[in-house]
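To start, the structure itself, in structure tokens.
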Amino acid sequence: MRSPAPSLFVCAAVLWLGLAFVDSADAAGYRNFNLPCLAPLLEQVDSEAPATIDVAFLRGPTRAPGVLEGIGTVDFPITTASADAQAYFNQGVALLHGLSYKEAERSFRRALEHDADHPMIFWGLAMANEQRPQRARLFAQNAARRVRNDTTKRERLWIAALANFYNVDRDTFIKLPPPEELTDDEVEARHRRRIRDLEALTLAFPEDVEAGAFLLRQLTLDEHRSGMAITSHVAVDGLAERLAALAPEHPSRHYRIFLWLSERPQFALAPAAESAALAPAIADSWRYAAQAWRANGLHHHAVPLLEAAIRVDHRHLRDRLLMPGETENLLSNYTALVDALGSMGRVNEALEWTRRMIELPRTLYPASESSAAKDRASFAATGRRLAGETLLRAELPERLLDELESSPLFQPRRNSPRDRAHWLYWKALALAMLERFNEIDALDKELRALSKNAGSADSQKEIAGLIAGLDVFRSLWRVGVPDDASIEPPFVPTSVMARAWAKAGYRDESLQRAARAVAERPGQLLPAAAYCEIHFAAGQIVPAMAVFDRRFRANASRADSDLPFLSRLGPVAAQMQLPTRWTIPATELEVPGAPADPESLGLLSWSPAPAPAWSLPNHVGRKISLDDFKGTPVLLNFFLGVGCVYCAEQLNKFRPHLPAFEKAGIPMIAISTDSVEGLAQALGDTEEKTPEARVQFPYPILADPDLATFKTFGAFDDFENGGMHATVLIGPDGGVLWKNVSHGPFNHPDLLLEEARRLLALHTPSREAGEAVSGQ
């Protein structure tokens, strides 16, 4: 047997000393893989407020990018002798313009490998972390500290603008002081100072495309993120037009979309027709173009663009063997598509997309680590919420009730009070609309009990909000007076609340809410239908007829034919002397800028990516391969050697659950960084293993000393140059159903077993599933 591994405390202490007192001057110094496992150290590191640059790198990206195509053309020269550093720097800048922050950081890290001390690359790292201010501040300080004699005036101005914003300079200590506490006025002053600094850079270098592009970027983003009003949209648009003339292929066209979205959205359509084609490999480029159409009330036009965004995201996941939760904005793209479809009455399509969301592989964490914020950010919770909103807005409470009671997809997770509370809430809303008030009492009682036993204060507060909202909603549908009319029931669409107030007899409140729903969602069919019906019933004939225009009637022809409002609007049509069939046949949509070949962008529906082939020897040299498991699922656990204490802890946690995995037809294979010889020392030199090893390791362990299989599964830190922990579930057809990769091991086999059963039931429909758990 090999010698015992050092204690976790010793491992962490040794590496911590190496990190705390070394301010690396070259790329090699950043490779702090001095231990077989980084998990002990990383448990002590705050990823959002790293103490040193080395710690920030350890909590940064782990996979190096290649050269990316389809992200736009950027030429931002820096003083480097390395062509590779320049190429990856340009790539990072292009991704910054696409607001792809994680991808941008990966590119700047790759640039740093080729020019390890360049201040502008640290500038790029700060910009890539602008949504994570303490990390950005640390990188900004390191950019300032690395200004050198050959740093050009132009580069110094870029770095000074960054350093001024974060209030750091080259003399700041290596370890930054705690974050500043700024007043709102001080925050605004910082933002305005940054704009002035970028203006100075633009004036000093008027032909510098990037100076103008980042000035445009900051002006438009500051308005949306920080409320910094633009005093002249026309002047800013002039800057955007000048940039487009100087660099027609530059990926900054979508800033013009942002500029006009809230001001005069019709002017956002021209850049929307061009922007996505400039960076088609950035998924959000398509969503930004879709936003322009939606802001103009043309939601059907937005659908192919949103589908394009999802296709690009799916291709990204498939190419890199990632899980849905590992890409930046896939959830936003799904959400925008469901909202666009559902609000236009394409309810069946919207619900199909919510089902796809709920069925996606899930990020797993125990109830003790659960939080309302984590749950809200999950595909399953968001899919259920969107389904509820869609069915309420379409006035289909019977269908919502049926989904909640009979569809496995809509069942709450076991041992999740928050999930159960939301399920009860949606059911109670549906029952209220159906006026089945007596059935709500038991649900309300259970909700109140859950609010006292929800665990975290955050969850308790959220459930209390559901209870208060239900009280208001139920009172209105009972034609009563709410105790507190200022409370807005969570997740209930404004148009539905307008109908509720109309039901209760509050004419003015109902009219105001109906008007607000149309203003909030211009051009959307269902809010417009509610407005029309409510105003007509209140005797407001002219406003009702104004909404009942040709666009409304054409949109209605694209809606599902069984929606209740279609028949109820007959009197409005009659008042306008329209035929009984008052809808206008839909014509084929023309969407400038939509992809000519959508399928070339990627798959529209997520499906498991094929697992990389592997064939590895066990402790006596006998080869075992993925082909040996054709037709059956297999669970792979990548670990960092039998001497790794953290790895042993993970394997020990899985061991008691192995019989349940085996019963579910899922054998486990462990893949180690050890050599065959090292495994033989630990396990014995016969196939049967030693008695002790048979107890401790009752599964095959395979040797991958050169980490080739680690790398193909993404279980390798390219920047730290070492292996990582990974747990991978491969389905019977060889597709990767679920994966977790981290420097720390995945230690929740019970949750994974439940998720494995769910995913296998979904992706192997002919398989005999032991339990019906597809929604759990």
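In the structure tokens, the first chain shown is A, the next is B, and so on; residue numbers restart at 1 for each chain, and ligands run from 1 in the order shown.
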Could you give me, as JSON lines, every region 248-348 of chain A residue with an atom at most 9 Å from region 691-715 of chain A, plus its closest atom pair and distance in Å to one decimal, counting only C-alpha atoms, rows ordered by chain then number?
{"residue": "A:Arg320", "atom": "CA", "partner": "A:Gly714", "partner_atom": "CA", "distance": 7.8}
{"residue": "A:Leu321", "atom": "CA", "partner": "A:Phe713", "partner_atom": "CA", "distance": 7.1}
{"residue": "A:Leu322", "atom": "CA", "partner": "A:Gly714", "partner_atom": "CA", "distance": 8.5}
inquiry  = Report as a list of chain:residue names all protein, DNA and RNA residues lying within 8 Å of Glu359 (chain A), evaluated on only C-alpha atoms, omitting residues in the same chain fewer than 3 positions from it.
reply    =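 With the cut-off at 8 Å, the set is A:Arg355, A:Arg356, A:Ala380, A:Leu409, A:Leu759, A:Leu762, A:Gly775.
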query = If we count only C-alpha atoms, what is near Glu263 (chain A) at a cut-off of 9 Å, once residues fewer than 4 positions away on the same chain are taken out, given as a list in words?
reply =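 Final neighbour list, sorted by chain and number: His233, Leu259 and Phe267 of chain A.
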inquiry  = Give me the residues near Leu215 (chain A) as a list in words, where near means some atom within 7 Å (using only C-alpha atoms) and where sequence neighbours in that chain fewer than 4 positions away do not count.
reply    =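 Residues near the query, excluding close chain neighbours: Ile195, Leu198, Glu199, Ala211 and Leu219 of chain A.
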Residues just named, written with N, CA and C atoms as an mmCIF file, in the first residue's frame:
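Result went into selection19.cif, see below:
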data_model
loop_
_atom_site.group_PDB
_atom_site.id
_atom_site.type_symbol
_atom_site.label_atom_id
_atom_site.label_comp_id
_atom_site.auth_asym_id
_atom_site.auth_seq_id
_atom_site.Cartn_x
_atom_site.Cartn_y
_atom_site.Cartn_z
ATOM 1 N N ILE A 195 -17.061 57.665 -17.671
ATOM 2 C CA ILE A 195 -17.483 58.169 -18.974
ATOM 3 C C ILE A 195 -16.547 59.282 -19.436
ATOM 4 N N LEU A 198 -13.282 57.805 -20.635
ATOM 5 C CA LEU A 198 -13.405 57.186 -21.948
ATOM 6 C C LEU A 198 -13.556 58.242 -23.039
ATOM 7 N N GLU A 199 -14.227 59.342 -22.714
ATOM 8 C CA GLU A 199 -14.303 60.444 -23.678
ATOM 9 C C GLU A 199 -12.921 61.016 -23.949
ATOM 10 N N ALA A 211 -11.882 52.624 -28.468
ATOM 11 C CA ALA A 211 -12.176 53.733 -27.558
ATOM 12 C C ALA A 211 -13.625 54.162 -27.725
ATOM 13 N N LEU A 219 -22.003 53.931 -22.039
ATOM 14 C CA LEU A 219 -23.163 54.821 -22.019
ATOM 15 C C LEU A 219 -24.469 54.027 -22.014
#
task = Provide the CA of Lys739 (chain A) to CA of Pro612 (chain A) distance in Å, to one decimal place.
result = 13.0 Å
ask   = A:Leu401, A:Ala64, A:Val645, A:Leu176: which is nearest Asp718 (chain A), counting only C-alpha atoms?
value =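 When distances to Asp718 (chain A) are compared using only C-alpha atoms, the smallest one comes from A:Ala64.
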query = Skipping near chain neighbours, those fewer than 4 positions away, what residues fall within 7 Å of Ala283 (chain A) using only C-alpha atoms, listed as a list in words?
reply = Ala309, Ile310, Val312 and Asp313 of chain A
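In this comparison, which uses only C-alpha atoms, the residue of A:Arg318, A:Arg551, A:His619, A:Arg194 approaching Phe214 (chain A) most closely is A:Arg194.
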Within 9 Å of Asp46 (chain A) using only C-alpha atoms, minus same-chain residues under 5 positions, as a PyMOL selection string = chain A and resi 51+55-56+59
request  = Could you give me the residues within region 210-438 of chain A that DSSP places in alpha helix (DSSP H), as a PyMOL selection string?
outcome  = chain A and resi 210-226+233-246+254-261+269-278+283-295+299-320+330-343+347-359+372-376+379-393+397-406+417-433
